[in-house]
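Shown next, in structure tokens, is the structure this report addresses.
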There are 2 protein chains.
Amino acid sequence: MSVRERKKRQLAEREQSFLDQAWAMIQADGVLNLQMARLASACEYSVGTLYQHFSSKEDLLVALATRSVGERLELYQRASQWQAPSRHRMLAILLADVLIAQKAPEYFRLAQYVSTHTIWMAASGPRREAALEASQPLGAAVENIVKDAVQSGDVRLYGLSARELSAGLWAMCEGMHSLVSAAGLLEAHSVPRPFQLLMASANAWLNGQQWRPEVALDDVAQQNAVLLQIMDEVFVDFPKTACPVVALKDSD
Amino acid sequence: MSVRERKKRQLAEREQSFLDQAWAMIQADGVLNLQMARLASACEYSVGTLYQHFSSKEDLLVALATRSVGERLELYQRASQWQAPSRHRMLAILLADVLIAQKAPEYFRLAQYVSTHTIWMAASGPRREAALEASQPLGAAVENIVKDAVQSGDVRLYGLSARELSAGLWAMCEGMHSLVSAAGLLEAHSVPRPFQLLMASANAWLNGQQWRPEVALDDVAQQNAVLLQIMDEVFVDFPKTACPVVALKDSD
DNA sequence: ATGTTTTTTGAATCTCATTCATAATTGTCT
DNA sequence: AGACAATTATGAATGAGATTCAAAAAACAT
């Protein structure tokens, strides 16, 4: 019966190669220029075969976004498992997203594009299910931090669930990435260094939740120190120069 | 020379009628099903004429999003000019967006779709400029509140500009609307009543900024009271039943 | 070896956005 | 008014690309 298995595996492999290729093409030319026929022939298959895997282009895009959750998750889990105060771990989650946005701007663009009602609804039902399923571990990683925080008395839930509590920060993070990716918008509103602002704003939110240890809003040095510490201890493999979040007040 | 004037006016009127019709069609069938040819013939003009106004479909969508800023602005200005503590006025801004999202869900979907890198970049440069320009008054309305707040000692800027300070809340608001419009996402993460959560989270952020008068996080009754007051005094013309933000803890 | 089922193929189809040569209208000048 | 020029409007034709599906190939079963 291992024939069945092998078949299935080969199918899955082909699907991955389609996605690999699609990702490469998107990174090179942007989502708008991805063409199904081009993709198929780049993978040395026919369009028909491609359509056996994905019911439509949108379906493929959702699959792609789903798959690339993997890298994000890896960083989230590092943050979640880091031996440090819960508050610092929450900041590490935000920083993870910032680093990804730096490293692969197309990642967030794709995620944003795909979660648009228009595109989202054009994907197949099962594909959407899978995408939601894949995002669960991300939520779980954050939930894990929140639960630790509650347990150690760093924060109180006031009747909310851990997921609900973190949703505010989630929204802030998503929102800032959206604003950033709308070229010119933040500049037009005189908001430079959006990611630094995100971190500062997250600190305000955490303070507002009375998430210990609280940090003085004007103590930029301390806030930066934490971020540098995260870079040193959690995201060592990222160049510190690629971290656009430190130093909100002085220098550049 | 009034001939020139009349011409110009008629041109503008035609453009509006295109946008009116496009908006109606989008509300009925969604962005995905808007067809340029259909739109043109519904307006009793040829496609060519339509293309004299908009360089592409994306261009039209951006124009549409730009125009519908108007209604939003009207609500923002009410919030901005309301005679009430600055903190309440900030909440009124958020509530304005929630009310619009309730009344015309397609508004936020369109805005989100349009601010996608993919669509945004496919619009013409001047159109993008105009869109950014049109969003200025929204920013100004908020900025106005922040400045009042600073003046009356309700909040401190700590070296940020008024716009920068408000960007965190802006991101949170945008982000939550994005999350909401990705069907099933919040449900999958067990986050019901996102708008209530948004308001609660905004309160946390405001507290974190030490924005006076501070509010106890667990005092749901007081938080609700403020929202109801806003509905009563600022958004009287909206049915209170259409306000999905009150009562986070009990009832439904 | 032969028939049957499954997979793959890619040319043909279909849907639209976009263009542009032509027609219609408007404006100008005598 | 009529003749010529400039501007606008038209919609059939074009083009780009997603999607389909009848036919061919491959895999499988007997």
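We label chains A, B, ... in the order they appear in the structure tokens, count residues from 1 in each chain, and number ligands from 1 in the order shown.
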Interface list for chain A, partner chain D, 9 Å threshold, only C-alpha atoms (C1' of nucleotides), as a ChimeraX atom specification: /A:35-37,48,51,56-57
Hey, can you spit out that residue selection with N, CA and C atoms as a compact mmCIF listing (two decimals), in the first residue's frame?
# COMPACT_ATOMS: atom_id res chain seq x y z
N GLN A 35 1.65 35.25 -13.18
CA GLN A 35 0.75 34.70 -14.19
C GLN A 35 0.72 33.18 -14.08
N MET A 36 -0.47 32.65 -14.10
CA MET A 36 -0.63 31.22 -13.92
C MET A 36 0.13 30.44 -14.99
N ALA A 37 0.04 30.87 -16.23
CA ALA A 37 0.68 30.14 -17.32
C ALA A 37 2.20 30.16 -17.16
N GLY A 48 -3.15 23.10 -16.79
CA GLY A 48 -4.17 22.19 -16.28
C GLY A 48 -3.74 21.53 -14.98
N TYR A 51 -3.89 23.84 -12.13
CA TYR A 51 -5.26 24.03 -11.67
C TYR A 51 -5.81 22.81 -10.94
N SER A 56 -8.05 28.41 -8.22
CA SER A 56 -7.97 29.71 -8.88
C SER A 56 -6.69 30.40 -8.45
N LYS A 57 -6.42 31.49 -9.07
CA LYS A 57 -5.22 32.23 -8.71
C LYS A 57 -5.29 32.71 -7.26
If we count only C-alpha atoms (C1' of nucleotides) and set the cut-off at 7 Å, which residues sit around stretch 138-141 of chain A, ignoring sequence neighbours fewer than 4 positions away in its own chain? Please answer as an NGL selection string. :A and (73 or 76-77 or 80 or 145)
Any chance you could export the current selection's N, CA, C and O atoms as an mmCIF file, in the first residue's frame?
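Okay, this is what ended up in selection_13.cif:
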data_model
loop_
_atom_site.group_PDB
_atom_site.id
_atom_site.type_symbol
_atom_site.label_atom_id
_atom_site.label_comp_id
_atom_site.auth_asym_id
_atom_site.auth_seq_id
_atom_site.Cartn_x
_atom_site.Cartn_y
_atom_site.Cartn_z
ATOM 1 N N LEU A 73 6.073 31.857 12.305
ATOM 2 C CA LEU A 73 5.836 31.044 13.499
ATOM 3 C C LEU A 73 7.130 30.736 14.224
ATOM 4 O O LEU A 73 7.199 30.783 15.454
ATOM 5 N N TYR A 76 7.962 33.613 16.237
ATOM 6 C CA TYR A 76 6.994 33.762 17.331
ATOM 7 C C TYR A 76 7.320 32.790 18.459
ATOM 8 O O TYR A 76 7.230 33.132 19.634
ATOM 9 N N GLN A 77 7.696 31.579 18.057
ATOM 10 C CA GLN A 77 7.949 30.582 19.093
ATOM 11 C C GLN A 77 9.211 30.886 19.870
ATOM 12 O O GLN A 77 9.263 30.682 21.080
ATOM 13 N N SER A 80 8.074 33.345 22.269
ATOM 14 C CA SER A 80 7.207 32.746 23.272
ATOM 15 C C SER A 80 7.997 31.944 24.295
ATOM 16 O O SER A 80 7.661 31.922 25.477
ATOM 17 N N ILE A 145 2.187 33.374 26.052
ATOM 18 C CA ILE A 145 2.825 34.455 26.807
ATOM 19 C C ILE A 145 1.832 35.117 27.753
ATOM 20 O O ILE A 145 2.126 35.354 28.928
#
With DSSP run on the backbone, what are the helix (DSSP H, G or I) residues within stretch 3-179 of chain B? I'd like them as a ChimeraX atom specification. /B:3-29,31-33,36-42,47-53,57-67,69-81,86-103,105-114,117-122,125-151,162-179
Please build the interface table for chain B against chain A with a cut-off of 6 Å, listing for each qualifying residue the nearest atom pair and the distance in Å to one decimal; count only C-alpha atoms, order rows by chain and increasing number, and write it as a Markdown table.
| residue | atom | partner | partner_atom | distance |
| --- | --- | --- | --- | --- |
| B:Tyr113 | CA | A:Thr116 | CA | 5.9 |
| B:Ser115 | CA | A:Ala182 | CA | 5.3 |
| B:Thr116 | CA | A:Tyr113 | CA | 6.0 |
| B:His117 | CA | A:Ala182 | CA | 5.9 |
| B:Tyr158 | CA | A:Asp218 | CA | 5.9 |
| B:Glu164 | CA | A:Val191 | CA | 5.5 |
| B:Gly168 | CA | A:Ser201 | CA | 5.4 |
| B:Ala171 | CA | A:Gly175 | CA | 4.2 |
| B:Met172 | CA | A:Met172 | CA | 3.7 |
| B:Glu174 | CA | A:Gly175 | CA | 5.1 |
| B:Gly175 | CA | A:Gly175 | CA | 3.6 |
| B:Met176 | CA | A:Ala171 | CA | 4.9 |
| B:Ala182 | CA | A:Ser115 | CA | 5.3 |
| B:Val191 | CA | A:Glu164 | CA | 5.5 |
| B:Ser201 | CA | A:Gly168 | CA | 5.4 |
| B:Ala204 | CA | A:Gly208 | CA | 4.4 |
| B:Trp205 | CA | A:Trp205 | CA | 4.2 |
| B:Asn207 | CA | A:Gly208 | CA | 4.7 |
| B:Gly208 | CA | A:Gly208 | CA | 3.6 |
| B:Gln209 | CA | A:Ala204 | CA | 5.6 |
| B:Asp218 | CA | A:Tyr158 | CA | 5.8 |
May I have the residues from that selection written out with N, CA and C atoms, as a compact mmCIF listing (two decimals), in the first residue's frame?
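Written output follows (again-v5.txt):
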# COMPACT_ATOMS: atom_id res chain seq x y z
N TYR B 113 -8.96 47.43 0.40
CA TYR B 113 -8.55 46.89 -0.89
C TYR B 113 -7.66 47.88 -1.62
N SER B 115 -5.91 50.33 -0.39
CA SER B 115 -4.62 50.69 0.22
C SER B 115 -3.63 49.54 0.14
N THR B 116 -4.08 48.48 -0.45
CA THR B 116 -3.20 47.36 -0.77
C THR B 116 -2.13 47.83 -1.75
N HIS B 117 -0.91 47.39 -1.53
CA HIS B 117 0.18 47.84 -2.39
C HIS B 117 -0.16 47.59 -3.86
N TYR B 158 5.75 63.91 25.05
CA TYR B 158 7.06 63.30 25.21
C TYR B 158 7.85 63.32 23.92
N GLU B 164 2.01 61.95 15.34
CA GLU B 164 2.71 60.72 15.69
C GLU B 164 2.05 60.05 16.88
N GLY B 168 -0.61 55.51 16.81
CA GLY B 168 -0.81 54.22 17.44
C GLY B 168 -2.27 53.82 17.46
N ALA B 171 -3.47 53.08 13.95
CA ALA B 171 -3.10 51.73 13.53
C ALA B 171 -4.02 50.70 14.16
N MET B 172 -4.31 50.88 15.43
CA MET B 172 -5.16 49.91 16.11
C MET B 172 -6.54 49.85 15.47
N GLU B 174 -7.45 50.90 12.32
CA GLU B 174 -7.30 50.30 10.99
C GLU B 174 -7.17 48.79 11.07
N GLY B 175 -6.29 48.38 11.98
CA GLY B 175 -6.00 46.96 12.12
C GLY B 175 -7.23 46.17 12.50
N MET B 176 -7.99 46.69 13.44
CA MET B 176 -9.16 45.94 13.87
C MET B 176 -10.17 45.83 12.72
N ALA B 182 -11.65 40.22 7.34
CA ALA B 182 -11.19 38.90 6.88
C ALA B 182 -12.12 37.86 7.50
N VAL B 191 -12.32 35.49 19.08
CA VAL B 191 -12.44 36.90 19.44
C VAL B 191 -13.76 37.43 18.92
N SER B 201 -9.67 48.30 24.20
CA SER B 201 -8.24 48.35 23.97
C SER B 201 -7.77 49.79 23.81
N ALA B 204 -7.33 51.20 27.09
CA ALA B 204 -6.06 50.78 27.68
C ALA B 204 -4.92 51.65 27.14
N TRP B 205 -4.94 51.88 25.84
CA TRP B 205 -3.89 52.69 25.23
C TRP B 205 -3.91 54.11 25.81
N ASN B 207 -5.09 55.06 28.64
CA ASN B 207 -4.56 54.99 30.00
C ASN B 207 -3.04 54.95 29.98
N GLY B 208 -2.52 54.14 29.07
CA GLY B 208 -1.07 54.00 28.98
C GLY B 208 -0.39 55.31 28.64
N GLN B 209 -1.07 56.13 27.87
CA GLN B 209 -0.53 57.45 27.55
C GLN B 209 -0.79 58.43 28.69
N ASP B 218 -11.43 47.83 34.65
CA ASP B 218 -12.51 46.89 34.96
C ASP B 218 -13.86 47.59 35.15
Pick out the chain A residues within 12 Å of chain C. Count only C-alpha atoms (C1' of nucleotides). Give them as a VMD selection string. chain A and resid 7 11 37 40 to 41 44 to 52
Please compute the atom CA of A:Glu5-atom CA of A:Ser124 distance, one decimal, in Å. 25.2 Å
Who sits within 12 Å of B:Glu74, only C-alpha atoms (C1' of nucleotides), same chain under 2 positions skipped, as a VMD selection string: chain B and resid 68 to 72 76 to 81 93 96 to 97 100 137 to 138 141 234 to 235
May I have the residues from that selection written out with all heavy atoms, as a short mmCIF file (atom, residue, chain, number, x, y, z; two decimals), in the first residue's frame?
data_model
loop_
_atom_site.label_atom_id
_atom_site.label_comp_id
_atom_site.auth_asym_id
_atom_site.auth_seq_id
_atom_site.Cartn_x
_atom_site.Cartn_y
_atom_site.Cartn_z
N SER B 68 -15.41 58.91 -0.78
CA SER B 68 -16.24 58.54 0.37
C SER B 68 -15.58 58.90 1.70
O SER B 68 -16.14 58.63 2.75
CB SER B 68 -16.65 57.08 0.30
OG SER B 68 -15.61 56.28 -0.17
N VAL B 69 -14.43 59.53 1.63
CA VAL B 69 -13.85 60.10 2.84
C VAL B 69 -14.79 61.16 3.39
O VAL B 69 -14.86 61.39 4.60
CB VAL B 69 -12.46 60.72 2.55
CG1 VAL B 69 -12.07 61.72 3.61
CG2 VAL B 69 -11.42 59.63 2.46
N GLY B 70 -15.55 61.78 2.51
CA GLY B 70 -16.42 62.87 2.90
C GLY B 70 -17.30 62.57 4.09
O GLY B 70 -17.32 63.31 5.07
N GLU B 71 -18.00 61.47 3.99
CA GLU B 71 -18.93 61.12 5.06
C GLU B 71 -18.18 60.87 6.37
O GLU B 71 -18.60 61.31 7.44
CB GLU B 71 -19.71 59.85 4.67
CG GLU B 71 -20.88 59.60 5.60
CD GLU B 71 -21.61 58.31 5.26
OE1 GLU B 71 -21.17 57.60 4.32
OE2 GLU B 71 -22.59 58.00 5.93
N ARG B 72 -17.05 60.21 6.20
CA ARG B 72 -16.24 59.92 7.38
C ARG B 72 -15.79 61.22 8.03
O ARG B 72 -15.83 61.37 9.25
CB ARG B 72 -15.03 59.10 6.92
CG ARG B 72 -14.32 58.35 8.02
CD ARG B 72 -13.24 57.50 7.40
NE ARG B 72 -12.40 56.82 8.37
CZ ARG B 72 -11.34 56.09 8.05
NH1 ARG B 72 -11.00 55.94 6.77
NH2 ARG B 72 -10.61 55.50 8.96
N TYR B 76 -16.01 62.72 11.82
CA TYR B 76 -14.77 63.07 12.54
C TYR B 76 -14.86 64.51 13.06
O TYR B 76 -14.43 64.81 14.16
CB TYR B 76 -13.56 62.95 11.60
CG TYR B 76 -12.90 61.59 11.59
CD1 TYR B 76 -13.64 60.42 11.53
CD2 TYR B 76 -11.51 61.48 11.62
CE1 TYR B 76 -13.02 59.18 11.49
CE2 TYR B 76 -10.89 60.24 11.59
CZ TYR B 76 -11.65 59.10 11.53
OH TYR B 76 -11.03 57.87 11.49
N GLN B 77 -15.41 65.37 12.22
CA GLN B 77 -15.45 66.77 12.64
C GLN B 77 -16.43 66.98 13.78
O GLN B 77 -16.18 67.78 14.68
CB GLN B 77 -15.77 67.66 11.44
CG GLN B 77 -14.52 67.84 10.59
CD GLN B 77 -14.75 68.61 9.32
OE1 GLN B 77 -15.89 68.74 8.87
NE2 GLN B 77 -13.67 69.10 8.72
N ARG B 78 -17.51 66.24 13.73
CA ARG B 78 -18.42 66.33 14.87
C ARG B 78 -17.67 65.94 16.15
O ARG B 78 -17.77 66.60 17.17
CB ARG B 78 -19.58 65.33 14.69
CG ARG B 78 -20.62 65.77 13.71
CD ARG B 78 -21.86 64.95 13.96
NE ARG B 78 -22.48 64.49 12.73
CZ ARG B 78 -23.45 63.58 12.69
NH1 ARG B 78 -23.88 63.01 13.81
NH2 ARG B 78 -23.99 63.23 11.55
N ALA B 79 -16.94 64.84 16.04
CA ALA B 79 -16.20 64.37 17.21
C ALA B 79 -15.19 65.42 17.65
O ALA B 79 -15.04 65.72 18.84
CB ALA B 79 -15.49 63.06 16.90
N SER B 80 -14.52 66.00 16.65
CA SER B 80 -13.46 66.95 16.95
C SER B 80 -14.01 68.21 17.62
O SER B 80 -13.37 68.81 18.48
CB SER B 80 -12.73 67.29 15.66
OG SER B 80 -11.62 68.11 15.93
N GLN B 81 -15.20 68.62 17.19
CA GLN B 81 -15.76 69.88 17.70
C GLN B 81 -16.67 69.72 18.90
O GLN B 81 -17.16 70.68 19.45
CB GLN B 81 -16.52 70.59 16.56
CG GLN B 81 -15.58 71.21 15.54
CD GLN B 81 -16.22 71.31 14.17
OE1 GLN B 81 -17.44 71.25 14.04
NE2 GLN B 81 -15.38 71.46 13.14
N ILE B 93 -14.01 59.49 17.84
CA ILE B 93 -13.41 59.25 16.52
C ILE B 93 -13.47 57.75 16.18
O ILE B 93 -13.90 57.34 15.10
CB ILE B 93 -11.93 59.71 16.49
CG1 ILE B 93 -11.83 61.23 16.61
CG2 ILE B 93 -11.23 59.20 15.24
CD1 ILE B 93 -12.03 61.99 15.34
N ALA B 96 -16.90 56.67 15.45
CA ALA B 96 -17.33 57.10 14.11
C ALA B 96 -17.01 56.02 13.09
O ALA B 96 -17.86 55.63 12.27
CB ALA B 96 -16.64 58.41 13.74
N ASP B 97 -15.79 55.52 13.15
CA ASP B 97 -15.40 54.47 12.21
C ASP B 97 -16.25 53.21 12.37
O ASP B 97 -16.63 52.57 11.40
CB ASP B 97 -13.92 54.12 12.39
CG ASP B 97 -13.02 55.11 11.66
OD1 ASP B 97 -13.55 55.96 10.93
OD2 ASP B 97 -11.78 55.01 11.82
N ILE B 100 -19.59 53.75 10.78
CA ILE B 100 -19.52 53.67 9.32
C ILE B 100 -19.38 52.23 8.87
O ILE B 100 -20.03 51.79 7.91
CB ILE B 100 -18.34 54.52 8.79
CG1 ILE B 100 -18.67 56.00 8.96
CG2 ILE B 100 -18.06 54.21 7.33
CD1 ILE B 100 -17.54 56.92 8.57
N PRO B 137 -7.66 66.17 6.06
CA PRO B 137 -8.60 66.70 7.04
C PRO B 137 -8.96 65.71 8.14
O PRO B 137 -9.21 66.10 9.28
CB PRO B 137 -9.85 67.02 6.20
CG PRO B 137 -9.33 67.22 4.83
CD PRO B 137 -8.17 66.29 4.69
N LEU B 138 -8.95 64.41 7.80
CA LEU B 138 -9.20 63.41 8.83
C LEU B 138 -8.09 63.50 9.89
O LEU B 138 -8.36 63.57 11.09
CB LEU B 138 -9.21 62.00 8.23
CG LEU B 138 -10.34 61.65 7.26
CD1 LEU B 138 -10.16 60.24 6.72
CD2 LEU B 138 -11.69 61.77 7.96
N ALA B 141 -8.44 66.61 11.97
CA ALA B 141 -9.49 66.56 12.99
C ALA B 141 -8.97 65.89 14.25
O ALA B 141 -9.20 66.35 15.37
CB ALA B 141 -10.72 65.83 12.46
N VAL B 234 -23.37 63.12 20.08
CA VAL B 234 -22.62 63.37 18.86
C VAL B 234 -23.24 62.68 17.65
O VAL B 234 -23.41 63.27 16.59
CB VAL B 234 -21.15 62.92 18.99
CG1 VAL B 234 -20.35 63.36 17.78
CG2 VAL B 234 -20.55 63.48 20.27
N PHE B 235 -23.59 61.43 17.83
CA PHE B 235 -24.10 60.67 16.69
C PHE B 235 -25.58 60.35 16.89
O PHE B 235 -26.01 59.20 16.76
CB PHE B 235 -23.28 59.39 16.50
CG PHE B 235 -21.81 59.67 16.33
CD1 PHE B 235 -20.87 59.07 17.14
CD2 PHE B 235 -21.37 60.56 15.34
CE1 PHE B 235 -19.51 59.34 16.98
CE2 PHE B 235 -20.01 60.83 15.17
CZ PHE B 235 -19.08 60.21 15.99
#
Counting only C-alpha atoms (C1' of nucleotides), what is within 12 Å of A:Pro85, bar same-chain residues fewer than 3 positions away, as a PyMOL selection string? chain A and resi 79-82+88-92+145-146+148-155+211-214+226+230
For atom CA of B:Lys103 and atom CA of B:Phe195, quote the distance in Å rounded to one decimal. 13.8 Å
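For the pair atom CA of B:Leu75 and atom CA of B:Ala12, the separation is 24.8 Å.
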